[in-house]
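Undergrad: You'll find structure.txt just under this line, and it carries compact mmCIF, C-alpha atoms.
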```txt
# COMPACT_ATOMS: atom_id res chain seq x y z
CA MET A 1 177.97 -69.13 3.99
CA LYS A 2 176.62 -72.67 3.86
CA ALA A 3 177.03 -75.58 1.44
CA ARG A 4 173.43 -75.19 0.28
CA ASN A 5 174.35 -71.73 -1.07
CA VAL A 6 177.22 -72.92 -3.28
CA MET A 7 176.53 -76.57 -4.10
CA THR A 8 175.61 -77.79 -7.52
CA VAL A 9 172.17 -79.34 -7.19
CA ASP A 10 171.76 -80.69 -10.70
CA VAL A 11 174.34 -83.44 -10.15
CA THR A 12 174.66 -86.33 -12.57
CA SER A 13 175.33 -89.57 -10.76
CA VAL A 14 175.98 -93.11 -11.92
CA ASP A 15 174.87 -96.53 -10.79
CA PRO A 16 177.54 -98.85 -9.32
CA LYS A 17 177.15 -101.10 -12.40
CA THR A 18 177.97 -98.29 -14.85
CA THR A 19 181.03 -99.20 -16.91
CA LEU A 20 184.21 -97.21 -16.64
CA LYS A 21 183.96 -96.29 -20.32
CA LYS A 22 180.41 -94.97 -19.94
CA ALA A 23 181.39 -92.98 -16.82
CA HIS A 24 184.34 -91.50 -18.72
CA LEU A 25 182.13 -90.50 -21.65
CA GLN A 26 179.65 -88.85 -19.26
CA MET A 27 182.45 -86.88 -17.61
CA LEU A 28 183.68 -85.68 -20.98
CA GLU A 29 180.20 -84.78 -22.19
CA LEU A 30 179.32 -82.88 -19.02
CA GLY A 31 182.75 -81.35 -18.45
CA VAL A 32 182.98 -82.71 -14.90
CA ARG A 33 185.71 -84.52 -12.98
CA HIS A 34 183.61 -86.39 -10.42
CA LEU A 35 180.53 -88.59 -10.54
CA PRO A 36 178.79 -89.65 -7.35
CA VAL A 37 177.85 -93.33 -7.37
CA VAL A 38 174.27 -93.79 -6.15
CA SER A 39 172.21 -96.93 -5.59
CA ARG A 40 168.62 -96.98 -4.36
CA GLY A 41 168.84 -93.24 -3.80
CA ARG A 42 171.82 -93.46 -1.44
CA LEU A 43 175.43 -92.40 -1.98
CA GLN A 44 177.68 -95.47 -2.31
CA GLY A 45 180.89 -93.84 -3.48
CA ILE A 46 182.43 -91.36 -5.89
CA VAL A 47 184.49 -91.88 -9.02
CA SER A 48 186.90 -89.24 -10.29
CA ASP A 49 188.78 -88.70 -13.50
CA ARG A 50 191.91 -89.67 -11.56
CA ASP A 51 190.33 -92.99 -10.57
CA LEU A 52 189.65 -93.66 -14.25
CA LEU A 53 193.19 -92.70 -15.19
CA ARG A 54 194.62 -95.13 -12.61
CA ALA A 55 192.40 -97.93 -13.99
CA ALA A 56 193.32 -97.24 -17.63
CA ARG A 57 195.80 -99.41 -19.48
CA ARG A 58 197.90 -98.83 -22.57
CA LYS A 59 197.08 -101.24 -25.37
CA ASN A 60 198.52 -101.03 -28.88
CA GLY A 61 199.62 -97.46 -28.23
CA ARG A 62 196.15 -96.40 -27.03
CA ILE A 63 194.73 -95.78 -23.60
CA GLU A 64 191.83 -98.10 -22.84
CA LEU A 65 189.56 -98.55 -19.86
CA PRO A 66 188.92 -102.11 -18.72
CA ALA A 67 185.38 -103.49 -18.97
CA LYS A 68 184.70 -103.03 -15.28
CA PRO A 69 181.90 -101.37 -13.32
CA VAL A 70 182.68 -98.16 -11.43
CA SER A 71 181.99 -100.02 -8.18
CA GLU A 72 185.37 -101.72 -8.58
CA ILE A 73 187.40 -98.50 -8.63
CA MET A 74 185.24 -95.89 -6.88
CA SER A 75 186.24 -94.35 -3.58
CA ARG A 76 183.99 -95.98 -0.99
CA ARG A 77 185.17 -93.84 1.92
CA VAL A 78 183.40 -90.69 0.85
CA LEU A 79 183.66 -87.64 3.08
CA THR A 80 180.39 -85.75 2.95
CA GLY A 81 178.87 -82.56 4.24
CA GLY A 82 175.35 -81.45 4.96
CA PRO A 83 173.44 -78.46 3.61
CA LYS A 84 174.36 -76.46 6.73
CA THR A 85 178.08 -77.28 6.58
CA THR A 86 180.00 -74.04 6.24
CA VAL A 87 182.07 -73.25 3.17
CA SER A 88 185.07 -72.85 5.46
CA GLU A 89 184.58 -76.38 6.83
CA LEU A 90 184.32 -77.74 3.27
CA ALA A 91 187.50 -75.93 2.22
CA HIS A 92 189.41 -77.26 5.25
CA LEU A 93 188.15 -80.78 4.54
CA MET A 94 189.30 -80.58 0.91
CA VAL A 95 192.73 -79.26 1.86
CA ASP A 96 193.28 -81.63 4.78
CA GLU A 97 192.12 -84.73 2.90
CA LYS A 98 193.49 -83.69 -0.51
CA ILE A 99 190.13 -84.12 -2.25
CA ASP A 100 188.40 -81.95 -4.82
CA ALA A 101 184.73 -82.78 -4.28
CA VAL A 102 182.44 -83.17 -1.30
CA PRO A 103 178.97 -84.64 -1.82
CA ILE A 104 176.28 -82.91 0.21
CA THR A 105 173.91 -85.46 1.68
CA THR A 106 171.12 -85.98 4.18
CA PRO A 107 172.01 -87.94 7.33
CA ASP A 108 170.86 -91.14 5.58
CA ARG A 109 173.20 -90.40 2.60
CA GLU A 110 170.61 -89.18 0.10
CA LEU A 111 172.53 -87.04 -2.40
CA LEU A 112 171.47 -83.37 -2.35
CA GLY A 113 174.34 -81.76 -4.22
CA LEU A 114 178.07 -81.53 -4.76
CA VAL A 115 180.63 -78.88 -3.82
CA THR A 116 183.90 -78.95 -5.74
CA SER A 117 187.15 -77.07 -5.39
CA SER A 118 186.12 -75.18 -8.53
CA ASP A 119 182.95 -74.01 -6.75
CA LEU A 120 185.06 -72.64 -3.90
CA LEU A 121 187.50 -70.94 -6.26
CA GLN A 122 184.55 -69.36 -8.05
CA LEU A 123 183.66 -67.64 -4.76
CA LEU A 124 187.09 -66.00 -4.76
CA THR A 125 186.85 -64.86 -8.37
CA ASP A 126 183.33 -63.46 -8.17
CA PHE A 127 184.20 -59.77 -8.39
CA ARG A 128 180.58 -58.75 -7.86
CA ARG A 129 180.80 -59.95 -4.27
CA PRO A 130 182.15 -57.37 -1.80
CA ALA A 131 185.32 -58.58 -0.10
CA ASP A 132 183.79 -58.23 3.36
CA VAL A 133 181.21 -60.97 2.73
CA LEU A 134 183.53 -63.73 1.54
CA PRO A 135 182.68 -66.89 3.47
CA PHE A 136 186.23 -67.24 4.78
CA MET A 137 189.27 -65.14 5.52
CA PHE A 138 192.75 -65.39 4.06
CA ASN A 139 196.05 -63.60 4.42
CA LEU A 140 198.65 -63.16 1.71
CA ARG A 141 202.19 -64.15 2.61
CA HIS A 142 205.27 -63.38 0.58
CA ALA A 143 207.93 -66.05 0.17
CA GLU A 144 211.30 -64.92 1.34
CA ASP A 145 214.07 -64.90 -1.26
```
Can the structure in the file be given as structure tokens, please?

TA:
Amino acid sequence: MKARNVMTVDVTSVDPKTTLKKAHLQMLELGVRHLPVVSRGRLQGIVSDRDLLRAARRKNGRIELPAKPVSEIMSRRVLTGGPKTTVSELAHLMVDEKIDAVPITTPDRELLGLVTSSDLLQLLTDFRRPADVLPFMFNLRHAED
């Protein structure tokens, strides 16, 4: 199975100048944890809820985000996949790099979609799908007492 079969294509992205507060409000409104940062149609970075949390400060007993653009806190080293990248490759990339989202782009970094760890978990929980067509294999191991 390929990324194009599981990626979210209706991805909301933000401009590098978008404020942290506005990005946070968009994440809350959309129920997402990642926003690709796009400028002139090309992927520049990605901002996550964890990035926002790290940037937040406590002020007068409240959590506040500084008046900064997302470009100042976004991850610039974004690992991407293409539409033909296999789901197995995406899963390995997420596990190896400890990331939860992989933007799917063209070779010139035009954003096509996004695959998240939730998308991959959804594949495992889709009981309508016969077990023999899962896009990857796994073995269960029991921990020894």

Undergrad: Figure out the distance between CA of Val78 in chain A and CA of Pro107 in chain A, please, to one decimal in Å.

TA: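 Interatomic distance here is 13.4 Å.
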
Undergrad: List as a JSON list (two decimals) with C-alpha atoms, keeping the file's coordinate frame: which residues have an atom within 7 Å of (187.1, -94.7, -8.3), counting all atoms listed in the file?

TA:
```
[["chain", "number", "residue", "atom", "x", "y", "z"],
["A", 46, "ILE", "CA", 182.43, -91.36, -5.89],
["A", 47, "VAL", "CA", 184.49, -91.88, -9.02],
["A", 48, "SER", "CA", 186.90, -89.24, -10.29],
["A", 51, "ASP", "CA", 190.33, -92.99, -10.57],
["A", 52, "LEU", "CA", 189.65, -93.66, -14.25],
["A", 70, "VAL", "CA", 182.68, -98.16, -11.43],
["A", 73, "ILE", "CA", 187.40, -98.50, -8.63],
["A", 74, "MET", "CA", 185.24, -95.89, -6.88],
["A", 75, "SER", "CA", 186.24, -94.35, -3.58]]
```

Undergrad: Residues near Thr19 in chain A, anyone? I mean within 12 Å using all atoms listed in the file, not counting same-chain ones fewer than 2 positions away, as a PyMOL selection string.

TA: chain A and resi 14-17+21-26+37+47+52+55+65-74

Undergrad: Create the file for the chosen residues now, containing C-alpha atoms and written as a PDB file, keeping the file's coordinate frame.

TA:
```
ATOM      1  CA  VAL A  14     175.980 -93.110 -11.920  1.00  0.00           C
ATOM      2  CA  ASP A  15     174.870 -96.530 -10.790  1.00  0.00           C
ATOM      3  CA  PRO A  16     177.540 -98.850  -9.320  1.00  0.00           C
ATOM      4  CA  LYS A  17     177.150-101.100 -12.400  1.00  0.00           C
ATOM      5  CA  LYS A  21     183.960 -96.290 -20.320  1.00  0.00           C
ATOM      6  CA  LYS A  22     180.410 -94.970 -19.940  1.00  0.00           C
ATOM      7  CA  ALA A  23     181.390 -92.980 -16.820  1.00  0.00           C
ATOM      8  CA  HIS A  24     184.340 -91.500 -18.720  1.00  0.00           C
ATOM      9  CA  LEU A  25     182.130 -90.500 -21.650  1.00  0.00           C
ATOM     10  CA  GLN A  26     179.650 -88.850 -19.260  1.00  0.00           C
ATOM     11  CA  VAL A  37     177.850 -93.330  -7.370  1.00  0.00           C
ATOM     12  CA  VAL A  47     184.490 -91.880  -9.020  1.00  0.00           C
ATOM     13  CA  LEU A  52     189.650 -93.660 -14.250  1.00  0.00           C
ATOM     14  CA  ALA A  55     192.400 -97.930 -13.990  1.00  0.00           C
ATOM     15  CA  LEU A  65     189.560 -98.550 -19.860  1.00  0.00           C
ATOM     16  CA  PRO A  66     188.920-102.110 -18.720  1.00  0.00           C
ATOM     17  CA  ALA A  67     185.380-103.490 -18.970  1.00  0.00           C
ATOM     18  CA  LYS A  68     184.700-103.030 -15.280  1.00  0.00           C
ATOM     19  CA  PRO A  69     181.900-101.370 -13.320  1.00  0.00           C
ATOM     20  CA  VAL A  70     182.680 -98.160 -11.430  1.00  0.00           C
ATOM     21  CA  SER A  71     181.990-100.020  -8.180  1.00  0.00           C
ATOM     22  CA  GLU A  72     185.370-101.720  -8.580  1.00  0.00           C
ATOM     23  CA  ILE A  73     187.400 -98.500  -8.630  1.00  0.00           C
ATOM     24  CA  MET A  74     185.240 -95.890  -6.880  1.00  0.00           C
TER      25      MET A  74
END
```

Undergrad: Would you mind telling me which residue in A:Glu29, A:Asp10, A:Asp119, A:Asp49 lies nearest to Leu90 in chain A when using all atoms listed in the file?

TA: A:Asp119

Undergrad: Return as JSON the box centre and box size in Å, one decimal, for an axis-aligned box around all listed atoms of range 112-121 of chain A padded by 8 Å per side.

TA:
```
{"center_x": 179.5, "center_y": -77.2, "center_z": -5.4, "size_x": 32.0, "size_y": 28.4, "size_z": 22.2}
```

Undergrad: How would range 63-90 of chain A look written as an mmCIF file, in the first residue's frame with N, CA and C atoms?

TA:
```cif
data_model
loop_
_atom_site.group_PDB
_atom_site.id
_atom_site.type_symbol
_atom_site.label_atom_id
_atom_site.label_comp_id
_atom_site.auth_asym_id
_atom_site.auth_seq_id
_atom_site.Cartn_x
_atom_site.Cartn_y
_atom_site.Cartn_z
ATOM 1 N N ILE A 63 -0.856 29.865 30.771
ATOM 2 C CA ILE A 63 0.071 29.500 29.699
ATOM 3 C C ILE A 63 -0.190 30.455 28.538
ATOM 4 N N GLU A 64 0.880 31.080 28.050
ATOM 5 C CA GLU A 64 0.751 32.012 26.936
ATOM 6 C C GLU A 64 1.800 31.704 25.879
ATOM 7 N N LEU A 65 1.407 31.943 24.641
ATOM 8 C CA LEU A 65 2.339 31.776 23.532
ATOM 9 C C LEU A 65 2.930 33.138 23.201
ATOM 10 N N PRO A 66 4.233 33.192 22.972
ATOM 11 C CA PRO A 66 4.844 34.473 22.617
ATOM 12 C C PRO A 66 4.340 34.951 21.248
ATOM 13 N N ALA A 67 4.432 36.232 21.019
ATOM 14 C CA ALA A 67 4.012 36.830 19.744
ATOM 15 C C ALA A 67 5.123 36.632 18.719
ATOM 16 N N LYS A 68 5.247 35.395 18.278
ATOM 17 C CA LYS A 68 6.275 35.022 17.306
ATOM 18 C C LYS A 68 5.612 34.350 16.117
ATOM 19 N N PRO A 69 6.264 34.387 14.962
ATOM 20 C CA PRO A 69 5.765 33.618 13.821
ATOM 21 C C PRO A 69 6.189 32.153 13.943
ATOM 22 N N VAL A 70 5.444 31.263 13.312
ATOM 23 C CA VAL A 70 5.775 29.835 13.378
ATOM 24 C C VAL A 70 7.147 29.545 12.786
ATOM 25 N N SER A 71 7.620 30.407 11.899
ATOM 26 C CA SER A 71 8.935 30.182 11.284
ATOM 27 C C SER A 71 10.048 30.137 12.324
ATOM 28 N N GLU A 72 9.825 30.747 13.488
ATOM 29 C CA GLU A 72 10.865 30.760 14.522
ATOM 30 C C GLU A 72 10.927 29.470 15.337
ATOM 31 N N ILE A 73 9.878 28.670 15.296
ATOM 32 C CA ILE A 73 9.898 27.442 16.112
ATOM 33 C C ILE A 73 9.674 26.172 15.300
ATOM 34 N N MET A 74 9.304 26.310 14.037
ATOM 35 C CA MET A 74 8.976 25.129 13.230
ATOM 36 C C MET A 74 10.205 24.252 13.032
ATOM 37 N N SER A 75 9.957 22.988 12.765
ATOM 38 C CA SER A 75 11.021 22.070 12.379
ATOM 39 C C SER A 75 11.324 22.332 10.915
ATOM 40 N N ARG A 76 12.553 22.703 10.637
ATOM 41 C CA ARG A 76 12.949 22.990 9.245
ATOM 42 C C ARG A 76 13.440 21.726 8.525
ATOM 43 N N ARG A 77 13.981 20.816 9.282
ATOM 44 C CA ARG A 77 14.449 19.544 8.711
ATOM 45 C C ARG A 77 13.257 18.594 8.690
ATOM 46 N N VAL A 78 12.489 18.688 7.620
ATOM 47 C CA VAL A 78 11.272 17.899 7.515
ATOM 48 C C VAL A 78 11.541 16.678 6.646
ATOM 49 N N LEU A 79 11.293 15.512 7.217
ATOM 50 C CA LEU A 79 11.422 14.266 6.464
ATOM 51 C C LEU A 79 10.123 14.058 5.710
ATOM 52 N N THR A 80 10.223 13.843 4.424
ATOM 53 C CA THR A 80 9.036 13.729 3.581
ATOM 54 C C THR A 80 9.019 12.396 2.852
ATOM 55 N N GLY A 81 7.873 12.096 2.296
ATOM 56 C CA GLY A 81 7.709 10.935 1.437
ATOM 57 C C GLY A 81 7.044 11.389 0.150
ATOM 58 N N GLY A 82 6.985 10.494 -0.791
ATOM 59 C CA GLY A 82 6.290 10.767 -2.041
ATOM 60 C C GLY A 82 5.030 9.927 -2.113
ATOM 61 N N PRO A 83 4.183 10.166 -3.091
ATOM 62 C CA PRO A 83 2.933 9.420 -3.202
ATOM 63 C C PRO A 83 3.136 7.909 -3.348
ATOM 64 N N LYS A 84 4.298 7.504 -3.860
ATOM 65 C CA LYS A 84 4.565 6.077 -4.056
ATOM 66 C C LYS A 84 5.340 5.450 -2.891
ATOM 67 N N THR A 85 5.668 6.241 -1.884
ATOM 68 C CA THR A 85 6.341 5.697 -0.707
ATOM 69 C C THR A 85 5.419 4.687 -0.045
ATOM 70 N N THR A 86 5.956 3.546 0.344
ATOM 71 C CA THR A 86 5.096 2.521 0.945
ATOM 72 C C THR A 86 4.745 2.891 2.386
ATOM 73 N N VAL A 87 3.624 2.371 2.832
ATOM 74 C CA VAL A 87 3.185 2.576 4.203
ATOM 75 C C VAL A 87 4.225 2.007 5.168
ATOM 76 N N SER A 88 4.813 0.904 4.821
ATOM 77 C CA SER A 88 5.859 0.308 5.653
ATOM 78 C C SER A 88 7.041 1.256 5.796
ATOM 79 N N GLU A 89 7.468 1.877 4.705
ATOM 80 C CA GLU A 89 8.577 2.833 4.768
ATOM 81 C C GLU A 89 8.211 4.024 5.653
ATOM 82 N N LEU A 90 6.980 4.507 5.543
ATOM 83 C CA LEU A 90 6.537 5.628 6.370
ATOM 84 C C LEU A 90 6.546 5.251 7.849
#
```
